[in-house]
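Peer 1: Take a look at final_22.cif, mmCIF, C-alpha atoms:
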data_structure
loop_
_atom_site.label_atom_id
_atom_site.label_comp_id
_atom_site.auth_asym_id
_atom_site.auth_seq_id
_atom_site.Cartn_x
_atom_site.Cartn_y
_atom_site.Cartn_z
CA MET E 1 4.61 8.51 -34.33
CA ILE E 2 6.08 8.60 -30.84
CA GLN E 3 5.13 11.07 -28.12
CA SER E 4 7.20 12.53 -25.32
CA MET E 5 6.01 12.27 -21.73
CA THR E 6 7.23 15.82 -21.17
CA GLY E 7 4.60 18.46 -21.85
CA PHE E 8 2.65 21.52 -20.75
CA GLY E 9 -0.91 22.59 -21.48
CA LYS E 10 -2.87 25.61 -20.32
CA SER E 11 -6.30 27.07 -20.95
CA SER E 12 -8.51 29.66 -19.27
CA LEU E 13 -12.11 30.83 -19.19
CA GLN E 14 -13.77 34.04 -18.00
CA LEU E 15 -17.11 33.44 -16.28
CA PRO E 16 -19.40 36.28 -15.08
CA THR E 17 -17.93 36.41 -11.56
CA LYS E 18 -14.70 34.42 -11.79
CA LYS E 19 -11.79 33.43 -14.00
CA VAL E 20 -10.93 29.74 -14.34
CA THR E 21 -7.44 28.62 -15.37
CA VAL E 22 -6.30 25.05 -15.97
CA GLU E 23 -2.62 24.09 -16.12
CA ILE E 24 -1.24 20.59 -16.79
CA LYS E 25 2.45 19.68 -16.59
CA SER E 26 3.99 16.27 -17.16
CA LEU E 27 7.42 14.64 -16.87
CA ASN E 28 8.61 11.11 -17.53
CA SER E 29 7.59 8.30 -15.16
CA LYS E 30 7.27 4.50 -15.32
CA GLY E 31 3.49 4.76 -14.90
CA LEU E 32 0.87 7.44 -14.34
CA ASP E 33 1.67 9.50 -11.24
CA LEU E 34 -1.16 12.03 -11.08
CA ASN E 35 -1.40 14.96 -8.67
CA VAL E 36 -4.64 17.01 -8.76
CA ARG E 37 -5.03 20.45 -7.18
CA MET E 38 -8.36 22.29 -7.33
CA PRO E 39 -10.85 24.10 -5.06
CA SER E 40 -12.72 21.88 -2.59
CA VAL E 41 -16.06 22.73 -4.20
CA PHE E 42 -15.04 20.61 -7.21
CA ARG E 43 -13.77 17.62 -5.22
CA GLU E 44 -16.79 15.49 -6.04
CA MET E 45 -15.75 15.73 -9.69
CA GLU E 46 -12.19 14.54 -9.03
CA LEU E 47 -12.67 10.83 -9.76
CA GLY E 48 -14.17 11.44 -13.19
CA LEU E 49 -11.48 14.03 -13.88
CA ARG E 50 -8.71 11.59 -12.96
CA ASN E 51 -10.16 8.99 -15.32
CA LYS E 52 -10.27 11.52 -18.14
CA ILE E 53 -6.65 12.58 -17.61
CA ALA E 54 -5.47 8.96 -17.37
CA GLN E 55 -7.22 8.08 -20.61
CA LYS E 56 -5.74 11.03 -22.46
CA LEU E 57 -2.17 11.11 -21.09
CA GLU E 58 -1.60 7.41 -20.22
CA ARG E 59 1.81 7.77 -18.54
CA GLY E 60 3.97 10.36 -16.84
CA LYS E 61 4.31 12.35 -13.63
CA VAL E 62 1.37 14.70 -14.16
CA ASP E 63 0.48 17.82 -12.16
CA PHE E 64 -3.05 19.09 -12.80
CA SER E 65 -4.07 22.46 -11.36
CA LEU E 66 -7.44 24.19 -11.57
CA PHE E 67 -7.40 27.80 -10.32
CA VAL E 68 -10.51 29.90 -9.69
CA GLU E 69 -10.05 33.66 -9.28
CA ALA E 70 -13.03 35.77 -8.17
CA THR E 71 -13.47 38.77 -10.49
CA GLY E 72 -16.98 39.91 -9.45
CA GLU E 73 -18.35 41.53 -6.32
CA GLU E 74 -19.65 38.27 -4.88
CA THR E 75 -17.63 36.56 -2.17
CA SER E 76 -18.19 33.36 -0.24
CA SER E 77 -17.11 35.01 3.06
CA LYS E 78 -19.51 37.45 4.75
CA VAL E 79 -19.43 39.41 8.00
CA ASN E 80 -21.44 37.66 10.70
CA VAL E 81 -23.16 40.88 11.81
CA PRO E 82 -24.95 39.60 14.97
CA ILE E 83 -21.75 38.01 16.26
CA VAL E 84 -19.66 41.14 15.59
CA LYS E 85 -22.21 43.36 17.37
CA ALA E 86 -22.25 40.98 20.33
CA TYR E 87 -18.44 41.15 20.57
CA ILE E 88 -18.51 44.97 20.48
CA ASN E 89 -21.13 45.12 23.24
CA GLN E 90 -19.13 42.73 25.39
CA MET E 91 -15.93 44.74 24.92
CA ARG E 92 -17.76 47.98 25.86
CA GLU E 93 -18.44 46.39 29.23
CA VAL E 94 -14.69 45.90 29.66
CA VAL E 95 -13.31 49.12 28.17
CA ASP E 96 -14.68 52.41 26.92
CA GLY E 97 -12.96 52.45 23.55
CA ASP E 98 -13.34 54.11 20.17
CA GLU E 99 -16.07 52.51 18.02
CA THR E 100 -13.68 51.92 15.11
CA GLU E 101 -11.06 50.29 17.32
CA LEU E 102 -13.67 48.03 18.88
CA LEU E 103 -14.85 47.01 15.40
CA LYS E 104 -11.28 46.18 14.34
CA MET E 105 -10.94 43.93 17.36
CA ALA E 106 -14.34 42.33 16.89
CA VAL E 107 -13.79 41.21 13.29
CA ARG E 108 -10.69 39.31 14.41
CA MET E 109 -12.65 37.25 16.89
CA PRO E 110 -13.79 33.66 16.18
CA ASP E 111 -16.88 33.32 13.95
CA ALA E 112 -16.79 37.00 13.00
CA LEU E 113 -16.76 35.89 9.38
CA LYS E 114 -18.97 33.17 8.02
CA THR E 115 -18.26 31.24 4.84
CA GLU E 116 -21.18 30.11 2.79
CA ARG E 117 -20.64 26.72 1.15
CA GLU E 118 -20.58 27.03 -2.61
CA GLU E 119 -22.48 24.61 -4.75
CA ILE E 120 -21.34 23.54 -8.19
CA ASP E 121 -23.17 25.40 -10.91
CA GLU E 122 -23.84 22.77 -13.59
CA ALA E 123 -23.68 25.34 -16.38
CA ASP E 124 -20.33 26.64 -15.12
CA TRP E 125 -18.96 23.11 -14.73
CA ALA E 126 -19.91 22.26 -18.30
CA GLN E 127 -17.83 25.24 -19.49
CA ILE E 128 -14.97 24.34 -17.14
CA GLN E 129 -14.90 20.83 -18.62
CA GLY E 130 -14.40 22.45 -22.01
CA VAL E 131 -11.39 24.33 -20.62
CA ILE E 132 -9.98 21.08 -19.18
CA ASP E 133 -10.41 19.35 -22.55
CA GLU E 134 -8.62 22.23 -24.27
CA ALA E 135 -5.70 22.09 -21.81
CA LEU E 136 -5.46 18.31 -22.31
CA GLN E 137 -5.39 18.80 -26.08
CA ASN E 138 -2.68 21.45 -25.68
CA ILE E 139 -0.44 19.17 -23.64
CA HIS E 140 -1.09 16.36 -26.12
CA ASN E 141 0.03 18.64 -28.97
CA PHE E 142 3.11 19.60 -26.96
CA ARG E 143 3.97 15.91 -26.43
CA VAL E 144 3.55 15.16 -30.13
CA SER E 145 5.84 18.07 -31.03
CA GLU E 146 8.46 16.84 -28.57
CA GLY E 147 8.03 13.35 -30.01
CA VAL E 148 9.00 14.63 -33.47
CA SER E 149 12.25 15.99 -32.01
CA LEU E 150 12.91 12.71 -30.21
CA GLU E 151 12.34 10.73 -33.41
CA LYS E 152 14.88 12.85 -35.29
CA GLU E 153 17.37 12.32 -32.46
CA PHE E 154 16.81 8.56 -32.48
CA LEU E 155 17.30 8.27 -36.22
CA VAL E 156 20.60 10.16 -36.00
CA ARG E 157 21.85 7.87 -33.22
CA ILE E 158 20.68 4.68 -34.97
CA THR E 159 22.39 5.77 -38.18
CA ASN E 160 25.58 6.41 -36.22
CA ILE E 161 25.47 2.94 -34.67
CA LEU E 162 24.84 1.37 -38.08
CA THR E 163 27.81 3.23 -39.57
CA LEU E 164 30.05 2.19 -36.69
CA MET E 165 28.89 -1.43 -37.01
CA ASN E 166 29.79 -1.43 -40.69
CA ASP E 167 33.20 0.00 -39.78
CA VAL E 168 33.65 -2.86 -37.31
CA VAL E 169 32.78 -5.40 -40.01
CA ALA E 170 35.21 -3.73 -42.39
CA LEU E 171 38.02 -4.29 -39.87
CA ASP E 172 37.14 -7.95 -39.40
CA GLY E 173 39.40 -9.21 -42.20
CA GLU E 174 42.34 -7.22 -40.86
CA ARG E 175 41.63 -8.53 -37.36
CA ILE E 176 41.65 -12.18 -38.48
CA GLN E 177 44.92 -11.74 -40.35
CA THR E 178 46.43 -10.01 -37.30
CA VAL E 179 45.42 -12.94 -35.07
CA LYS E 180 46.94 -15.47 -37.52
CA THR E 181 50.16 -13.51 -37.75
CA ARG E 182 50.43 -13.19 -33.98
CA LEU E 183 49.87 -16.92 -33.43
CA LEU E 184 52.43 -17.87 -36.06
CA ALA E 185 54.94 -15.47 -34.56
CA SER E 186 54.40 -17.04 -31.13
CA ILE E 187 54.99 -20.52 -32.55
CA GLU E 188 58.15 -19.33 -34.25
CA GLU E 189 59.42 -18.00 -30.93
CA LEU E 190 58.84 -21.39 -29.33
CA LYS E 191 60.96 -23.00 -32.05
CA VAL E 192 58.87 -26.19 -32.18
CA ASN E 193 57.59 -28.28 -35.05
CA VAL E 194 53.84 -27.93 -35.63
CA ASP E 195 51.48 -30.17 -37.53
CA GLU E 196 50.17 -27.81 -40.20
CA ASN E 197 46.79 -29.56 -40.52
CA ARG E 198 46.26 -29.63 -36.76
CA PHE E 199 47.31 -25.99 -36.56
CA GLU E 200 44.79 -25.00 -39.22
CA GLN E 201 42.01 -26.91 -37.42
CA GLU E 202 42.80 -25.27 -34.10
CA LEU E 203 43.05 -21.88 -35.77
CA ILE E 204 39.64 -22.30 -37.41
CA PHE E 205 38.14 -23.35 -34.07
CA TYR E 206 39.71 -20.35 -32.35
CA LEU E 207 38.56 -17.90 -35.02
CA GLU E 208 35.01 -19.27 -34.90
CA LYS E 209 34.84 -18.19 -31.27
CA MET E 210 35.84 -14.69 -32.36
CA ASP E 211 33.36 -14.53 -35.22
CA ILE E 212 30.92 -11.62 -34.89
CA THR E 213 28.66 -12.43 -37.83
CA GLU E 214 25.73 -13.50 -35.64
CA GLU E 215 26.05 -10.39 -33.48
CA GLN E 216 26.16 -8.21 -36.58
CA VAL E 217 23.02 -9.80 -38.04
CA ARG E 218 21.09 -9.56 -34.75
CA LEU E 219 22.18 -5.97 -34.14
CA GLN E 220 21.11 -5.04 -37.67
CA SER E 221 17.72 -6.65 -36.96
CA HIS E 222 17.35 -4.75 -33.66
CA LEU E 223 18.24 -1.45 -35.33
CA ASN E 224 15.60 -2.03 -38.02
CA TYR E 225 13.01 -3.04 -35.43
CA PHE E 226 13.75 0.08 -33.40
CA ILE E 227 13.12 2.27 -36.46
CA GLU E 228 9.88 0.42 -37.25
CA THR E 229 8.67 0.82 -33.66
CA VAL E 230 9.47 4.53 -33.62
CA ALA E 231 7.35 4.95 -36.76
CA GLY E 232 4.44 2.95 -35.28
CA ASN E 233 1.12 4.42 -34.11
CA GLU E 234 0.94 2.95 -30.60
CA ALA E 235 2.57 4.22 -27.40
CA ASN E 236 5.85 2.33 -27.37
CA GLY E 237 8.32 3.72 -24.83
CA ARG E 238 8.59 0.42 -22.95
CA LYS E 239 9.07 -1.55 -26.17
CA LEU E 240 11.85 0.79 -27.29
CA GLY E 241 13.49 0.24 -23.91
CA PHE E 242 13.46 -3.52 -24.41
CA ILE E 243 14.93 -3.18 -27.90
CA THR E 244 17.79 -1.00 -26.64
CA GLN E 245 18.60 -3.68 -24.06
CA GLU E 246 18.93 -6.26 -26.84
CA MET E 247 21.06 -3.88 -28.87
CA GLY E 248 23.32 -3.43 -25.87
CA ARG E 249 23.81 -7.19 -25.51
CA GLU E 250 24.98 -7.55 -29.11
CA ILE E 251 27.31 -4.56 -28.89
CA ASN E 252 28.82 -5.85 -25.64
CA THR E 253 29.40 -9.29 -27.18
CA MET E 254 31.12 -7.69 -30.16
CA GLY E 255 33.39 -5.86 -27.75
CA SER E 256 34.25 -9.03 -25.81
CA LYS E 257 35.10 -10.87 -29.06
CA ALA E 258 36.95 -8.00 -30.73
CA ASN E 259 40.52 -8.63 -29.58
CA HIS E 260 41.47 -5.71 -31.81
CA ALA E 261 42.20 -2.16 -30.66
CA GLY E 262 40.52 -0.48 -33.64
CA MET E 263 37.35 -2.57 -33.29
CA GLN E 264 37.18 -2.01 -29.53
CA LYS E 265 37.40 1.73 -30.06
CA LEU E 266 34.45 1.55 -32.48
CA VAL E 267 32.50 -0.58 -30.01
CA VAL E 268 33.03 2.07 -27.30
CA GLN E 269 31.61 4.69 -29.68
CA MET E 270 28.61 2.44 -30.38
CA LYS E 271 27.99 2.11 -26.63
CA ASP E 272 28.14 5.89 -26.26
CA GLU E 273 25.52 6.35 -28.99
CA LEU E 274 23.33 3.67 -27.40
CA GLU E 275 23.50 5.35 -23.97
CA LYS E 276 22.25 8.58 -25.52
CA ILE E 277 19.32 6.64 -27.01
CA LYS E 278 18.54 5.02 -23.64
CA GLU E 279 18.46 8.42 -21.93
CA GLN E 280 15.91 9.75 -24.42
CA VAL E 281 13.82 6.55 -24.49
CA LEU E 282 12.95 7.25 -20.84
CA ASN E 283 11.00 10.29 -22.08
CA VAL E 284 8.94 8.36 -24.64
CA LEU E 285 5.29 7.67 -23.84
#
Could you express the structure from this file as structure tokens?
Peer 2:
Amino acid sequence: MIQSMTGFGKSSLQLPTKKVTVEIKSLNSKGLDLNVRMPSVFREMELGLRNKIAQKLERGKVDFSLFVEATGEETSSKVNVPIVKAYINQMREVVDGDETELLKMAVRMPDALKTEREEIDEADWAQIQGVIDEALQNIHNFRVSEGVSLEKEFLVRITNILTLMNDVVALDGERIQTVKTRLLASIEELKVNVDENRFEQELIFYLEKMDITEEQVRLQSHLNYFIETVAGNEANGRKLGFITQEMGREINTMGSKANHAGMQKLVVQMKDELEKIKEQVLNVL
């Protein structure tokens, strides 16, 4: 079962004095590109958090955000009363102003507010970790759901390529006869005598170069392998990418050997289906 690298997970928790919300977004990327945003008080936990995310999500451009919203009466910033009083007294020496106006001016001065450094509450952090785990599970579920859609899309495209390949093979007999007829007509126009045996040998040699049997067999094998890989249990986006490259080589070779308008048209359609697969493979984990 494949997974998409695109996903979103969210979870929240209400603590006595604050609300904690975790959001995780991911897009496709060659590796793990992780961006973590959270309050500075939790920075010492970042390394362990990064390891957890990497283990769970593996690949993708991932944005992790942890928001903390104060909902109680407690605040980390407090008025530095002695400093504010000192400012007011100093300003009284300069101007005889209204007490309220002096207070407004004083609280804007440097050090009028003091911020007390928060310490991590172990009990709170244990609950926050549960929220993070829930958000990670949510984004995992989202990726699995997207993977189901991708798998359906892949199977449709692979079936289309297989059908087109069979149509190409069905035209092969007509193509060979057309080549023979064209060569004979050219010889007739030259009005020269031709050794029939030599002509047949050269014709066989020429037609062998145009034979697409090997390409057909290899492409069939790649299509089957792609389907098997999609149904596998391991993360396989890179492997699917390699298989599509091999499929492309066989389709291109068929096109170069075609020498037949109908077959070349079918090959173009096969390439179009393959490009759609390649675009979606970039999203596979």
Peer 1: For Ala112 in chain E, which of E:Ser26, E:Asn283, E:Asn80, E:Thr17 is the closest residue, counting all atoms listed in the file?
Peer 2: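 Among the listed residues, E:Asn80 lies closest to Ala112 in chain E.
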Peer 1: Evaluate the PyMOL selection byres ((chain E and resi 277) around 10) here and jot the selected residues down as number ranges by chain.
Peer 2: E: 150, 153-158, 240-241, 244, 271-276, 278-282
Peer 1: Determine the nearest neighbour of Gly237 in chain E from the options E:Gly147, E:Gly9, E:Pro110, E:Pro82, counting all atoms listed in the file.
Peer 2: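 Smallest separation from Gly237 in chain E among the options: E:Gly147.
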Peer 1: Find the residues of range 132-193 of chain E that sit at most 9 Å from range 215-224 of chain E; for each, write down the nearest two atoms and how far apart they are in Å, to one decimal. Count only C-alpha atoms. Sort by chain, then by number going up, and give it as JSON lines.
Peer 2:
{"residue": "E:Ile158", "atom": "CA", "partner": "E:Leu223", "partner_atom": "CA", "distance": 6.6}
{"residue": "E:Thr159", "atom": "CA", "partner": "E:Leu223", "partner_atom": "CA", "distance": 8.8}
{"residue": "E:Ile161", "atom": "CA", "partner": "E:Leu223", "partner_atom": "CA", "distance": 8.5}
{"residue": "E:Leu162", "atom": "CA", "partner": "E:Gln220", "partner_atom": "CA", "distance": 7.4}
{"residue": "E:Met165", "atom": "CA", "partner": "E:Gln216", "partner_atom": "CA", "distance": 7.3}
{"residue": "E:Asn166", "atom": "CA", "partner": "E:Gln216", "partner_atom": "CA", "distance": 8.7}
{"residue": "E:Val169", "atom": "CA", "partner": "E:Gln216", "partner_atom": "CA", "distance": 8.0}
Peer 1: Report, in Å to a single decimal, how far apart CA of Ile128 in chain E and CA of Ala54 in chain E are.
Peer 2: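 Between CA of Ala54 in chain E and CA of Ile128 in chain E the gap works out to 18.1 Å.
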Peer 1: Restricting the calculation to only C-alpha atoms, which member of E:Val62, E:Ile120, E:Ala231, E:Leu171 is positioned closest to Met45 in chain E?
Peer 2: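 With only C-alpha atoms as the atom set, the closest residue is E:Ile120.
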Peer 1: So how many Å separate CA of His260 in chain E and CA of Arg175 in chain E, to one decimal?
Peer 2: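 We find that CA of His260 in chain E and CA of Arg175 in chain E lie 6.2 Å from each other.
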Peer 1: Evaluated on this file, the PyMOL selection byres ((chain E and resi 254) around 10) picks out some residues - which ones are they, written as a short mmCIF file (atom, residue, chain, number, x, y, z; two decimals) with C-alpha atoms, keeping the file's coordinate frame?
Peer 2:
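New file part-v9.cif:
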data_model
loop_
_atom_site.label_atom_id
_atom_site.label_comp_id
_atom_site.auth_asym_id
_atom_site.auth_seq_id
_atom_site.Cartn_x
_atom_site.Cartn_y
_atom_site.Cartn_z
CA MET E 165 28.89 -1.43 -37.01
CA VAL E 168 33.65 -2.86 -37.31
CA MET E 210 35.84 -14.69 -32.36
CA ASP E 211 33.36 -14.53 -35.22
CA ILE E 212 30.92 -11.62 -34.89
CA THR E 213 28.66 -12.43 -37.83
CA GLU E 214 25.73 -13.50 -35.64
CA GLU E 215 26.05 -10.39 -33.48
CA GLN E 216 26.16 -8.21 -36.58
CA LEU E 219 22.18 -5.97 -34.14
CA GLY E 248 23.32 -3.43 -25.87
CA ARG E 249 23.81 -7.19 -25.51
CA GLU E 250 24.98 -7.55 -29.11
CA ILE E 251 27.31 -4.56 -28.89
CA ASN E 252 28.82 -5.85 -25.64
CA THR E 253 29.40 -9.29 -27.18
CA GLY E 255 33.39 -5.86 -27.75
CA SER E 256 34.25 -9.03 -25.81
CA LYS E 257 35.10 -10.87 -29.06
CA ALA E 258 36.95 -8.00 -30.73
CA ASN E 259 40.52 -8.63 -29.58
CA MET E 263 37.35 -2.57 -33.29
CA GLN E 264 37.18 -2.01 -29.53
CA VAL E 267 32.50 -0.58 -30.01
#
Peer 1: To one decimal in Å, tell me the separation between CA of Val268 in chain E and CA of Val179 in chain E.
Peer 2: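 A separation of 21.0 Å between them.
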